[in-house]
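Asker: What follows is the file protein.cif, containing mmCIF, C-alpha atoms:
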```
data_model
loop_
_atom_site.group_PDB
_atom_site.id
_atom_site.type_symbol
_atom_site.label_atom_id
_atom_site.label_comp_id
_atom_site.auth_asym_id
_atom_site.auth_seq_id
_atom_site.Cartn_x
_atom_site.Cartn_y
_atom_site.Cartn_z
ATOM 1 C CA MET Z 1077 -130.827 -130.114 -117.238
ATOM 2 C CA THR Z 1078 -131.558 -130.582 -120.942
ATOM 3 C CA SER Z 1079 -130.061 -133.431 -122.907
ATOM 4 C CA CYS Z 1080 -127.787 -132.692 -125.827
ATOM 5 C CA HIS Z 1081 -129.586 -133.449 -129.064
ATOM 6 C CA ILE Z 1082 -129.584 -132.402 -132.700
ATOM 7 C CA ALA Z 1083 -132.615 -130.306 -133.646
ATOM 8 C CA GLU Z 1084 -133.893 -131.518 -137.000
ATOM 9 C CA GLU Z 1085 -136.550 -129.793 -139.080
ATOM 10 C CA PRO Z 1086 -139.954 -131.491 -138.772
ATOM 11 C CA ILE Z 1087 -140.989 -133.750 -141.657
ATOM 12 C CA LYS Z 1088 -143.864 -132.283 -143.657
ATOM 13 C CA LYS Z 1089 -143.996 -133.972 -147.058
ATOM 14 C CA VAL Z 1090 -143.574 -137.709 -147.668
ATOM 15 C CA ALA Z 1091 -143.996 -139.710 -150.881
ATOM 16 C CA ILE Z 1092 -144.298 -143.469 -151.290
ATOM 17 C CA PHE Z 1093 -143.213 -144.722 -154.710
ATOM 18 C CA GLY Z 1094 -144.304 -148.062 -156.144
ATOM 19 C CA GLY Z 1095 -143.555 -149.359 -159.621
ATOM 20 C CA THR Z 1096 -140.197 -147.671 -160.176
ATOM 21 C CA HIS Z 1097 -139.600 -151.095 -161.682
ATOM 22 C CA GLY Z 1098 -142.898 -152.157 -163.234
ATOM 23 C CA ASN Z 1099 -142.546 -155.899 -162.547
ATOM 24 C CA GLU Z 1100 -141.826 -155.535 -158.804
ATOM 25 C CA LEU Z 1101 -145.407 -155.972 -157.742
ATOM 26 C CA THR Z 1102 -145.526 -155.498 -153.959
ATOM 27 C CA GLY Z 1103 -144.965 -151.748 -154.154
ATOM 28 C CA VAL Z 1104 -147.319 -151.487 -157.142
ATOM 29 C CA PHE Z 1105 -150.050 -153.381 -155.271
ATOM 30 C CA LEU Z 1106 -149.666 -151.362 -152.047
ATOM 31 C CA VAL Z 1107 -149.520 -147.969 -153.764
ATOM 32 C CA LYS Z 1108 -152.600 -148.743 -155.863
ATOM 33 C CA HIS Z 1109 -154.390 -149.759 -152.655
ATOM 34 C CA TRP Z 1110 -153.337 -146.568 -150.854
ATOM 35 C CA LEU Z 1111 -154.431 -144.418 -153.794
ATOM 36 C CA GLN Z 1112 -157.907 -145.968 -153.383
ATOM 37 C CA ASN Z 1113 -157.897 -145.983 -149.580
ATOM 38 C CA GLY Z 1114 -155.027 -144.221 -147.837
ATOM 39 C CA ALA Z 1115 -156.377 -144.358 -144.278
ATOM 40 C CA GLU Z 1116 -153.582 -146.594 -142.959
ATOM 41 C CA ILE Z 1117 -150.800 -144.301 -144.190
ATOM 42 C CA GLN Z 1118 -152.299 -141.022 -142.976
ATOM 43 C CA ARG Z 1119 -150.618 -139.349 -140.016
ATOM 44 C CA THR Z 1120 -151.666 -136.052 -138.394
ATOM 45 C CA GLY Z 1121 -149.901 -133.014 -139.812
ATOM 46 C CA LEU Z 1122 -148.183 -134.981 -142.553
ATOM 47 C CA GLU Z 1123 -148.749 -134.755 -146.293
ATOM 48 C CA ILE Z 1124 -148.315 -138.252 -147.757
ATOM 49 C CA LYS Z 1125 -148.482 -138.884 -151.492
ATOM 50 C CA PRO Z 1126 -148.437 -142.406 -152.975
ATOM 51 C CA LEU Z 1127 -147.354 -142.589 -156.621
ATOM 52 C CA ILE Z 1128 -147.046 -145.206 -159.358
ATOM 53 C CA THR Z 1129 -143.646 -144.102 -160.587
ATOM 54 C CA ASN Z 1130 -143.359 -145.858 -163.944
ATOM 55 C CA PRO Z 1131 -146.965 -146.384 -165.127
ATOM 56 C CA LYS Z 1132 -146.079 -147.611 -168.644
ATOM 57 C CA ALA Z 1133 -143.745 -150.301 -167.267
ATOM 58 C CA VAL Z 1134 -146.365 -151.265 -164.648
ATOM 59 C CA LYS Z 1135 -148.969 -151.691 -167.386
ATOM 60 C CA LYS Z 1136 -146.622 -154.005 -169.305
ATOM 61 C CA CYS Z 1137 -145.339 -155.697 -166.109
ATOM 62 C CA THR Z 1138 -141.762 -155.102 -167.205
ATOM 63 C CA ARG Z 1139 -138.802 -153.557 -165.364
ATOM 64 C CA TYR Z 1140 -138.704 -150.529 -167.661
ATOM 65 C CA ILE Z 1141 -139.620 -149.348 -171.160
ATOM 66 C CA ASP Z 1142 -136.421 -147.731 -172.496
ATOM 67 C CA CYS Z 1143 -133.958 -147.574 -169.588
ATOM 68 C CA ASP Z 1144 -133.794 -148.100 -165.809
ATOM 69 C CA LEU Z 1145 -135.776 -145.294 -164.131
ATOM 70 C CA ASN Z 1146 -133.831 -145.924 -160.910
ATOM 71 C CA ARG Z 1147 -130.527 -144.869 -162.524
ATOM 72 C CA VAL Z 1148 -131.379 -141.649 -164.440
ATOM 73 C CA PHE Z 1149 -131.904 -139.062 -161.687
ATOM 74 C CA ASP Z 1150 -128.587 -137.308 -162.339
ATOM 75 C CA SER Z 1151 -128.194 -133.647 -163.274
ATOM 76 C CA GLU Z 1152 -127.394 -134.508 -166.894
ATOM 77 C CA ASN Z 1153 -130.635 -136.412 -167.529
ATOM 78 C CA LEU Z 1154 -132.783 -134.109 -165.401
ATOM 79 C CA GLY Z 1155 -131.413 -131.110 -167.313
ATOM 80 C CA LYS Z 1156 -131.973 -132.443 -170.837
ATOM 81 C CA GLU Z 1157 -134.304 -130.517 -173.101
ATOM 82 C CA ILE Z 1158 -137.672 -132.253 -173.317
ATOM 83 C CA SER Z 1159 -138.243 -133.933 -176.669
ATOM 84 C CA GLU Z 1160 -139.954 -137.011 -178.060
ATOM 85 C CA ASP Z 1161 -136.499 -138.469 -178.752
ATOM 86 C CA LEU Z 1162 -135.708 -138.745 -175.042
ATOM 87 C CA PRO Z 1163 -136.100 -142.233 -173.542
ATOM 88 C CA TYR Z 1164 -139.472 -142.580 -171.793
ATOM 89 C CA GLU Z 1165 -137.871 -143.014 -168.356
ATOM 90 C CA VAL Z 1166 -135.775 -139.845 -168.741
ATOM 91 C CA ARG Z 1167 -138.929 -137.863 -169.542
ATOM 92 C CA ARG Z 1168 -140.674 -139.517 -166.594
ATOM 93 C CA ALA Z 1169 -137.708 -138.669 -164.336
ATOM 94 C CA GLN Z 1170 -138.065 -135.008 -165.319
ATOM 95 C CA GLU Z 1171 -141.800 -135.127 -164.480
ATOM 96 C CA ILE Z 1172 -141.108 -136.741 -161.084
ATOM 97 C CA ASN Z 1173 -138.389 -134.176 -160.378
ATOM 98 C CA LEU Z 1174 -140.847 -131.350 -161.052
ATOM 99 C CA LEU Z 1175 -143.543 -132.936 -158.872
ATOM 100 C CA PHE Z 1176 -141.373 -133.958 -155.895
ATOM 101 C CA GLY Z 1177 -138.235 -131.834 -156.274
ATOM 102 C CA PRO Z 1178 -136.451 -130.112 -157.707
ATOM 103 C CA LYS Z 1179 -133.598 -132.327 -156.484
ATOM 104 C CA HIS Z 1180 -131.242 -130.550 -154.022
ATOM 105 C CA SER Z 1181 -133.751 -127.725 -153.485
ATOM 106 C CA GLU Z 1182 -135.569 -126.455 -150.388
ATOM 107 C CA ASP Z 1183 -138.884 -127.293 -152.065
ATOM 108 C CA SER Z 1184 -138.135 -130.999 -152.531
ATOM 109 C CA TYR Z 1185 -140.076 -133.614 -150.575
ATOM 110 C CA ASP Z 1186 -138.605 -134.445 -147.184
ATOM 111 C CA ILE Z 1187 -138.727 -138.240 -147.527
ATOM 112 C CA ILE Z 1188 -139.353 -140.603 -150.426
ATOM 113 C CA PHE Z 1189 -139.881 -144.294 -149.683
ATOM 114 C CA ASP Z 1190 -139.146 -146.237 -152.878
ATOM 115 C CA LEU Z 1191 -140.606 -149.760 -152.746
ATOM 116 C CA HIS Z 1192 -138.772 -152.614 -154.480
ATOM 117 C CA ASN Z 1193 -138.708 -156.394 -154.656
ATOM 118 C CA THR Z 1194 -135.705 -158.611 -155.191
ATOM 119 C CA THR Z 1195 -135.512 -162.222 -156.335
ATOM 120 C CA SER Z 1196 -132.595 -162.582 -153.876
ATOM 121 C CA ASN Z 1197 -133.102 -163.970 -150.376
ATOM 122 C CA MET Z 1198 -132.562 -160.594 -148.682
ATOM 123 C CA GLY Z 1199 -135.621 -160.466 -146.424
ATOM 124 C CA CYS Z 1200 -136.518 -156.968 -145.240
ATOM 125 C CA THR Z 1201 -133.842 -154.537 -146.391
ATOM 126 C CA LEU Z 1202 -133.508 -150.777 -145.938
ATOM 127 C CA ILE Z 1203 -131.188 -148.953 -148.326
ATOM 128 C CA LEU Z 1204 -129.187 -146.020 -146.962
ATOM 129 C CA GLU Z 1205 -127.308 -143.591 -149.193
ATOM 130 C CA ASP Z 1206 -125.573 -141.451 -146.536
ATOM 131 C CA SER Z 1207 -123.754 -142.863 -143.495
ATOM 132 C CA ARG Z 1208 -123.840 -139.503 -141.680
ATOM 133 C CA ASN Z 1209 -127.605 -139.006 -141.741
ATOM 134 C CA ASN Z 1210 -128.733 -138.975 -138.105
ATOM 135 C CA LEU Z 1211 -132.450 -138.857 -138.874
ATOM 136 C CA LEU Z 1212 -132.376 -141.892 -141.195
ATOM 137 C CA ILE Z 1213 -130.125 -143.928 -138.897
ATOM 138 C CA GLN Z 1214 -132.597 -143.210 -136.085
ATOM 139 C CA MET Z 1215 -135.528 -144.148 -138.332
ATOM 140 C CA PHE Z 1216 -133.858 -147.380 -139.451
ATOM 141 C CA HIS Z 1217 -133.091 -148.258 -135.825
ATOM 142 C CA TYR Z 1218 -136.768 -147.710 -134.986
ATOM 143 C CA ILE Z 1219 -137.954 -149.879 -137.906
ATOM 144 C CA LYS Z 1220 -135.472 -152.678 -137.085
ATOM 145 C CA THR Z 1221 -136.508 -152.657 -133.410
ATOM 146 C CA SER Z 1222 -140.223 -152.609 -134.274
ATOM 147 C CA LEU Z 1223 -139.906 -155.530 -136.720
ATOM 148 C CA ALA Z 1224 -137.925 -157.732 -134.316
ATOM 149 C CA PRO Z 1225 -137.640 -160.699 -134.079
ATOM 150 C CA LEU Z 1226 -138.052 -160.511 -137.884
ATOM 151 C CA PRO Z 1227 -134.597 -159.488 -139.187
ATOM 152 C CA CYS Z 1228 -134.225 -156.215 -141.057
ATOM 153 C CA TYR Z 1229 -130.922 -155.450 -142.786
ATOM 154 C CA VAL Z 1230 -129.429 -152.098 -143.791
ATOM 155 C CA TYR Z 1231 -127.538 -151.860 -147.086
ATOM 156 C CA LEU Z 1232 -125.278 -148.798 -147.302
ATOM 157 C CA ILE Z 1233 -124.634 -147.878 -150.953
ATOM 158 C CA GLU Z 1234 -122.211 -145.032 -150.234
ATOM 159 C CA HIS Z 1235 -119.235 -145.583 -152.552
ATOM 160 C CA PRO Z 1236 -116.619 -143.373 -154.248
ATOM 161 C CA THR Z 1237 -117.319 -144.648 -157.770
ATOM 162 C CA PHE Z 1238 -120.843 -146.136 -157.787
ATOM 163 C CA LYS Z 1239 -123.285 -143.318 -158.476
ATOM 164 C CA TYR Z 1240 -126.800 -144.705 -158.467
ATOM 165 C CA ALA Z 1241 -128.885 -141.554 -159.273
ATOM 166 C CA THR Z 1242 -131.955 -143.204 -157.731
ATOM 167 C CA THR Z 1243 -135.573 -142.150 -158.119
ATOM 168 C CA ARG Z 1244 -135.783 -141.495 -154.381
ATOM 169 C CA SER Z 1245 -132.719 -139.206 -154.478
ATOM 170 C CA VAL Z 1246 -135.069 -136.320 -155.377
ATOM 171 C CA ALA Z 1247 -135.962 -136.155 -151.652
ATOM 172 C CA LYS Z 1248 -133.911 -134.660 -148.847
ATOM 173 C CA TYR Z 1249 -134.025 -138.073 -147.142
ATOM 174 C CA PRO Z 1250 -134.106 -140.960 -149.659
ATOM 175 C CA VAL Z 1251 -135.169 -144.385 -148.359
ATOM 176 C CA GLY Z 1252 -134.992 -147.554 -150.453
ATOM 177 C CA ILE Z 1253 -137.006 -150.566 -149.311
ATOM 178 C CA GLU Z 1254 -136.243 -154.020 -150.765
ATOM 179 C CA VAL Z 1255 -138.133 -157.133 -149.743
ATOM 180 C CA GLY Z 1256 -137.479 -160.623 -151.070
ATOM 181 C CA PRO Z 1257 -137.261 -163.293 -152.237
ATOM 182 C CA GLN Z 1258 -140.076 -162.775 -154.712
ATOM 183 C CA PRO Z 1259 -140.073 -163.536 -158.442
ATOM 184 C CA HIS Z 1260 -140.674 -160.515 -160.644
ATOM 185 C CA GLY Z 1261 -144.235 -160.341 -161.901
ATOM 186 C CA VAL Z 1262 -145.500 -162.261 -158.830
ATOM 187 C CA LEU Z 1263 -147.190 -161.279 -155.549
ATOM 188 C CA ARG Z 1264 -146.569 -163.080 -152.247
ATOM 189 C CA ALA Z 1265 -148.684 -162.367 -149.158
ATOM 190 C CA ASP Z 1266 -145.776 -162.761 -146.707
ATOM 191 C CA ILE Z 1267 -143.571 -160.318 -148.634
ATOM 192 C CA LEU Z 1268 -146.437 -157.852 -149.002
ATOM 193 C CA ASN Z 1269 -147.142 -158.001 -145.273
ATOM 194 C CA GLN Z 1270 -143.483 -157.348 -144.423
ATOM 195 C CA MET Z 1271 -143.244 -154.302 -146.703
ATOM 196 C CA ARG Z 1272 -146.509 -152.945 -145.341
ATOM 197 C CA LYS Z 1273 -145.165 -153.232 -141.782
ATOM 198 C CA MET Z 1274 -141.931 -151.461 -142.739
ATOM 199 C CA ILE Z 1275 -143.904 -148.478 -144.073
ATOM 200 C CA LYS Z 1276 -146.170 -148.443 -141.000
ATOM 201 C CA HIS Z 1277 -143.212 -148.330 -138.604
ATOM 202 C CA ALA Z 1278 -141.462 -145.659 -140.700
ATOM 203 C CA LEU Z 1279 -144.551 -143.426 -140.656
ATOM 204 C CA ASP Z 1280 -145.021 -144.031 -136.919
ATOM 205 C CA PHE Z 1281 -141.428 -142.891 -136.365
ATOM 206 C CA ILE Z 1282 -142.011 -139.704 -138.390
ATOM 207 C CA HIS Z 1283 -145.216 -138.999 -136.467
ATOM 208 C CA ASP Z 1284 -143.508 -139.463 -133.084
ATOM 209 C CA PHE Z 1285 -140.593 -137.295 -134.199
ATOM 210 C CA ASN Z 1286 -142.901 -134.495 -135.392
ATOM 211 C CA GLU Z 1287 -144.835 -134.694 -132.105
ATOM 212 C CA GLY Z 1288 -141.648 -133.846 -130.220
ATOM 213 C CA LYS Z 1289 -140.410 -137.239 -129.043
ATOM 214 C CA GLU Z 1290 -136.667 -137.238 -128.443
ATOM 215 C CA PHE Z 1291 -134.801 -140.251 -129.796
ATOM 216 C CA PRO Z 1292 -131.703 -141.062 -127.717
ATOM 217 C CA PRO Z 1293 -128.333 -141.943 -129.293
ATOM 218 C CA CYS Z 1294 -128.403 -145.285 -131.095
ATOM 219 C CA ALA Z 1295 -126.279 -147.580 -133.244
ATOM 220 C CA ILE Z 1296 -127.164 -149.881 -136.135
ATOM 221 C CA GLU Z 1297 -125.309 -152.584 -137.986
ATOM 222 C CA VAL Z 1298 -125.025 -151.903 -141.724
ATOM 223 C CA TYR Z 1299 -123.561 -153.687 -144.729
ATOM 224 C CA LYS Z 1300 -121.546 -151.295 -146.881
ATOM 225 C CA ILE Z 1301 -120.984 -152.040 -150.559
ATOM 226 C CA MET Z 1302 -117.377 -152.831 -151.486
ATOM 227 C CA GLU Z 1303 -117.603 -154.072 -155.076
ATOM 228 C CA LYS Z 1304 -119.878 -155.807 -157.560
ATOM 229 C CA VAL Z 1305 -118.929 -159.260 -158.829
ATOM 230 C CA ASP Z 1306 -119.756 -160.403 -162.377
ATOM 231 C CA TYR Z 1307 -120.363 -163.965 -163.487
ATOM 232 C CA PRO Z 1308 -117.423 -165.775 -165.100
ATOM 233 C CA ARG Z 1309 -117.644 -165.323 -168.879
ATOM 234 C CA ASN Z 1310 -116.207 -166.960 -171.997
ATOM 235 C CA GLU Z 1311 -114.436 -165.218 -174.872
ATOM 236 C CA ASN Z 1312 -117.833 -164.278 -176.373
ATOM 237 C CA GLY Z 1313 -118.866 -162.532 -173.158
ATOM 238 C CA GLU Z 1314 -121.420 -165.219 -172.319
ATOM 239 C CA ILE Z 1315 -121.881 -166.521 -168.773
ATOM 240 C CA SER Z 1316 -119.752 -169.643 -168.262
ATOM 241 C CA ALA Z 1317 -120.619 -170.489 -164.637
ATOM 242 C CA VAL Z 1318 -123.616 -170.109 -162.324
ATOM 243 C CA ILE Z 1319 -123.984 -169.251 -158.640
ATOM 244 C CA HIS Z 1320 -122.771 -172.216 -156.581
ATOM 245 C CA PRO Z 1321 -125.521 -174.046 -154.607
ATOM 246 C CA ASP Z 1322 -123.632 -173.309 -151.363
ATOM 247 C CA LEU Z 1323 -123.883 -169.566 -152.057
ATOM 248 C CA GLN Z 1324 -127.445 -169.457 -153.423
ATOM 249 C CA ASP Z 1325 -129.895 -167.796 -150.962
ATOM 250 C CA GLN Z 1326 -127.084 -166.999 -148.498
ATOM 251 C CA ASP Z 1327 -127.470 -163.206 -148.620
ATOM 252 C CA TRP Z 1328 -125.973 -161.399 -145.575
ATOM 253 C CA LYS Z 1329 -124.120 -164.570 -144.471
ATOM 254 C CA PRO Z 1330 -120.314 -164.429 -144.119
ATOM 255 C CA LEU Z 1331 -118.430 -165.606 -147.208
ATOM 256 C CA HIS Z 1332 -114.794 -166.536 -146.566
ATOM 257 C CA PRO Z 1333 -111.839 -166.707 -148.965
ATOM 258 C CA GLY Z 1334 -111.851 -170.169 -150.548
ATOM 259 C CA ASP Z 1335 -115.623 -170.663 -150.118
ATOM 260 C CA PRO Z 1336 -117.476 -171.824 -153.285
ATOM 261 C CA VAL Z 1337 -118.930 -168.968 -155.341
ATOM 262 C CA PHE Z 1338 -119.535 -170.234 -158.892
ATOM 263 C CA LEU Z 1339 -119.999 -173.645 -160.524
ATOM 264 C CA THR Z 1340 -119.280 -174.482 -164.179
ATOM 265 C CA LEU Z 1341 -121.322 -176.968 -166.202
ATOM 266 C CA ASP Z 1342 -118.430 -179.440 -166.098
ATOM 267 C CA GLY Z 1343 -118.525 -179.361 -162.299
ATOM 268 C CA LYS Z 1344 -115.592 -177.033 -161.557
ATOM 269 C CA THR Z 1345 -116.004 -174.903 -158.430
ATOM 270 C CA ILE Z 1346 -114.724 -171.325 -158.495
ATOM 271 C CA PRO Z 1347 -113.950 -170.099 -154.974
ATOM 272 C CA LEU Z 1348 -113.873 -166.624 -153.467
ATOM 273 C CA GLY Z 1349 -110.470 -164.997 -153.853
ATOM 274 C CA GLY Z 1350 -108.931 -162.277 -151.731
ATOM 275 C CA ASP Z 1351 -108.016 -162.366 -148.078
ATOM 276 C CA CYS Z 1352 -111.050 -160.998 -146.263
ATOM 277 C CA THR Z 1353 -114.496 -162.221 -145.267
ATOM 278 C CA VAL Z 1354 -117.320 -160.460 -147.105
ATOM 279 C CA TYR Z 1355 -121.106 -160.452 -146.852
ATOM 280 C CA PRO Z 1356 -122.794 -161.048 -150.222
ATOM 281 C CA VAL Z 1357 -126.079 -159.338 -151.161
ATOM 282 C CA PHE Z 1358 -128.340 -159.398 -154.218
ATOM 283 C CA ILE Z 1359 -127.122 -162.941 -154.913
ATOM 284 C CA ASN Z 1360 -128.358 -164.072 -158.339
ATOM 285 C CA GLU Z 1361 -130.827 -161.170 -158.624
ATOM 286 C CA ALA Z 1362 -132.749 -161.745 -161.878
ATOM 287 C CA SER Z 1363 -132.712 -158.130 -163.069
ATOM 288 C CA TYR Z 1364 -128.955 -157.737 -162.505
ATOM 289 C CA TYR Z 1365 -127.963 -160.193 -165.250
ATOM 290 C CA GLU Z 1366 -128.149 -157.257 -167.682
ATOM 291 C CA LYS Z 1367 -125.996 -155.220 -165.298
ATOM 292 C CA LYS Z 1368 -123.375 -157.989 -165.152
ATOM 293 C CA GLU Z 1369 -123.711 -158.350 -161.397
ATOM 294 C CA ALA Z 1370 -123.856 -161.826 -159.832
ATOM 295 C CA PHE Z 1371 -123.755 -160.381 -156.320
ATOM 296 C CA ALA Z 1372 -122.281 -157.475 -154.407
ATOM 297 C CA LYS Z 1373 -119.618 -157.834 -151.734
ATOM 298 C CA THR Z 1374 -120.232 -155.855 -148.560
ATOM 299 C CA THR Z 1375 -118.395 -155.264 -145.324
ATOM 300 C CA LYS Z 1376 -120.124 -155.009 -141.945
ATOM 301 C CA LEU Z 1377 -119.962 -151.709 -140.039
ATOM 302 C CA THR Z 1378 -121.668 -150.036 -137.100
ATOM 303 C CA LEU Z 1379 -123.144 -146.570 -137.614
ATOM 304 C CA LYS Z 1380 -123.997 -144.339 -134.684
ATOM 305 C CA ALA Z 1381 -126.573 -141.557 -134.559
ATOM 306 C CA LYS Z 1382 -126.772 -138.715 -132.093
ATOM 307 C CA SER Z 1383 -129.905 -137.931 -130.131
ATOM 308 C CA ILE Z 1384 -132.458 -136.101 -132.289
ATOM 309 C CA ARG Z 1385 -135.571 -134.066 -131.693
ATOM 310 C CA SER Z 1386 -137.823 -131.937 -133.864
ATOM 311 C CA SER Z 1387 -136.732 -128.277 -133.901
ATOM 312 C CA LEU Z 1388 -140.353 -127.239 -133.252
ATOM 313 C CA HIS Z 1389 -140.191 -128.640 -129.705
#
```
Just dump the structure as structure tokens.

Answerer:
Amino acid sequence: MTSCHIAEEPIKKVAIFGGTHGNELTGVFLVKHWLQNGAEIQRTGLEIKPLITNPKAVKKCTRYIDCDLNRVFDSENLGKEISEDLPYEVRRAQEINLLFGPKHSEDSYDIIFDLHNTTSNMGCTLILEDSRNNLLIQMFHYIKTSLAPLPCYVYLIEHPTFKYATTRSVAKYPVGIEVGPQPHGVLRADILNQMRKMIKHALDFIHDFNEGKEFPPCAIEVYKIMEKVDYPRNENGEISAVIHPDLQDQDWKPLHPGDPVFLTLDGKTIPLGGDCTVYPVFINEASYYEKKEAFAKTTKLTLKAKSIRSSLH
């Protein structure tokens, strides 16, 4: 008697992006290493391409040159006529789309792993864009299990109004990897080691899947974005309060109504409003000051995946 499983196409083409943000150095460091010596990321029957995504920003060790590369992979920007007037990152997005896409086409890469660092205390984090994706839920379950007892969190960015247009969205299966806390422009051995392990386990999963291993039904805990919270501001639009010490570094921990969130310079505490417990992420992320995001509220869910197996077996 055969078990009931979903037959998924085998994975053939995988890319690993580092330097989408040029000052997030773990991905830059690993991708440069793998471009020199890719032995540890090679898997039989799999084409794996490491890429420095934003080379100009990497050279300057800055997040971007003209605009955030990780927000411009929408049809409008990808369809713009090429000209010198276009922001550098929009031109680079078009190049990446040609190399690894086109987005939403049969020819696009199967999986793109996009490597990021955060200054927030988020540990190992996998970013999921689609809550119904059996293959990625299975992969994330495999990575989480393989990393244990080291925690690995899943951040689900599916939302009716937030449209991220990420660099990795060129692929059929986009995977964001965030590891922190690490200051931008800095390398830390522990963070580097964690990201390296996450990629190893992900590639091992793909290899096992392609070889015909059946993955039984599974469930994972995820944190789904609800809303982004800005800092309190004065009439000039300047920040008037900072993250409260009780909230700092408490990513993924429950935050209850009435708990301290912000602190003004004259010592006034601003508590969490509303009537539900939330789980904050990207708390006090350095690069989100320009995006007016002090943290994001999430809610905790369980996602289930059906049994999967490669359609070749």

Asker: I want to know what sits within 7 Å of Ala1372 (chain Z), based on all atoms listed in the file, with residues of the same chain fewer than 6 positions away left out; could you give that as a PDB file with C-alpha atoms, keeping the file's coordinate frame?

Answerer:
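Result file is around08.pdb:
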```
ATOM      1  CA  ILE Z1301    -120.984-152.040-150.559  1.00  0.00           C
ATOM      2  CA  GLU Z1303    -117.603-154.072-155.076  1.00  0.00           C
ATOM      3  CA  LYS Z1304    -119.878-155.807-157.560  1.00  0.00           C
ATOM      4  CA  VAL Z1305    -118.929-159.260-158.829  1.00  0.00           C
ATOM      5  CA  PRO Z1356    -122.794-161.048-150.222  1.00  0.00           C
ATOM      6  CA  VAL Z1357    -126.079-159.338-151.161  1.00  0.00           C
ATOM      7  CA  PHE Z1358    -128.340-159.398-154.218  1.00  0.00           C
TER       8      PHE Z1358
END
```

Asker: Out of Z:Ile1267, Z:Leu1348, Z:Leu1175, Z:Ile1087, which residue has the shortest atom-to-atom distance to Ser1386 (chain Z) when counting only C-alpha atoms?

Answerer: Z:Ile1087

Asker: For the atom pair CA of Asn1210 (chain Z) and CA of Ile1384 (chain Z), what is the interatomic distance in Å to one decimal place?

Answerer: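 So the answer is 7.5 Å.
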
Asker: With all atoms listed in the file counted, which protein, DNA or RNA residues have an atom no more than 12 Å from (-125.5, -150.7, -135.4) in the file frame? Please answer as a VMD selection string.

Answerer: chain Z and resid 1207 1213 to 1214 1216 to 1218 1220 to 1221 1228 to 1231 1293 to 1299 1376 to 1381

Asker: Around all listed atoms of region 1214-1231 of chain Z, padded 5 Å per side, what centre and edge lengths does the axis-aligned box have in Å to one decimal, as AutoDock Vina command-line options?

Answerer:
```
--center_x -133.9 --center_y -152.0 --center_z -140.2 --size_x 22.7 --size_y 27.5 --size_z 23.7
```

Asker: Can you work out which one of Z:His1283, Z:Pro1292, Z:Lys1300, Z:Lys1132 has the shortest atom-to-atom distance to Asp1206 (chain Z), counting all atoms listed in the file?

Answerer: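 Using all atoms listed in the file, Asp1206 (chain Z) sits closest to Z:Lys1300.
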
Asker: Quick check on the file I pasted: which residues fall under the PyMOL selection byres ((chain Z and resi 1361) around 12)? Write them as a PDB file with C-alpha atoms, in the frame of the given file.

Answerer:
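Output (out_18.pdb):
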```pdb
ATOM      1  CA  ASN Z1193    -138.708-156.394-154.656  1.00  0.00           C
ATOM      2  CA  THR Z1194    -135.705-158.611-155.191  1.00  0.00           C
ATOM      3  CA  THR Z1195    -135.512-162.222-156.335  1.00  0.00           C
ATOM      4  CA  SER Z1196    -132.595-162.582-153.876  1.00  0.00           C
ATOM      5  CA  ASN Z1197    -133.102-163.970-150.376  1.00  0.00           C
ATOM      6  CA  MET Z1198    -132.562-160.594-148.682  1.00  0.00           C
ATOM      7  CA  GLU Z1254    -136.243-154.020-150.765  1.00  0.00           C
ATOM      8  CA  GLY Z1256    -137.479-160.623-151.070  1.00  0.00           C
ATOM      9  CA  PRO Z1257    -137.261-163.293-152.237  1.00  0.00           C
ATOM     10  CA  GLN Z1258    -140.076-162.775-154.712  1.00  0.00           C
ATOM     11  CA  PRO Z1259    -140.073-163.536-158.442  1.00  0.00           C
ATOM     12  CA  HIS Z1260    -140.674-160.515-160.644  1.00  0.00           C
ATOM     13  CA  ASP Z1306    -119.756-160.403-162.377  1.00  0.00           C
ATOM     14  CA  TYR Z1307    -120.363-163.965-163.487  1.00  0.00           C
ATOM     15  CA  ILE Z1319    -123.984-169.251-158.640  1.00  0.00           C
ATOM     16  CA  GLN Z1324    -127.445-169.457-153.423  1.00  0.00           C
ATOM     17  CA  ASP Z1325    -129.895-167.796-150.962  1.00  0.00           C
ATOM     18  CA  ASP Z1327    -127.470-163.206-148.620  1.00  0.00           C
ATOM     19  CA  PRO Z1356    -122.794-161.048-150.222  1.00  0.00           C
ATOM     20  CA  VAL Z1357    -126.079-159.338-151.161  1.00  0.00           C
ATOM     21  CA  PHE Z1358    -128.340-159.398-154.218  1.00  0.00           C
ATOM     22  CA  ILE Z1359    -127.122-162.941-154.913  1.00  0.00           C
ATOM     23  CA  ASN Z1360    -128.358-164.072-158.339  1.00  0.00           C
ATOM     24  CA  ALA Z1362    -132.749-161.745-161.878  1.00  0.00           C
ATOM     25  CA  SER Z1363    -132.712-158.130-163.069  1.00  0.00           C
ATOM     26  CA  TYR Z1364    -128.955-157.737-162.505  1.00  0.00           C
ATOM     27  CA  TYR Z1365    -127.963-160.193-165.250  1.00  0.00           C
ATOM     28  CA  GLU Z1366    -128.149-157.257-167.682  1.00  0.00           C
ATOM     29  CA  LYS Z1367    -125.996-155.220-165.298  1.00  0.00           C
ATOM     30  CA  LYS Z1368    -123.375-157.989-165.152  1.00  0.00           C
ATOM     31  CA  GLU Z1369    -123.711-158.350-161.397  1.00  0.00           C
ATOM     32  CA  ALA Z1370    -123.856-161.826-159.832  1.00  0.00           C
ATOM     33  CA  PHE Z1371    -123.755-160.381-156.320  1.00  0.00           C
ATOM     34  CA  ALA Z1372    -122.281-157.475-154.407  1.00  0.00           C
TER      35      ALA Z1372
END
```

Asker: Separation of CA of Gly1098 (chain Z) and CA of Tyr1185 (chain Z), in Å?

Answerer: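 These atoms are spaced 22.6 Å apart.
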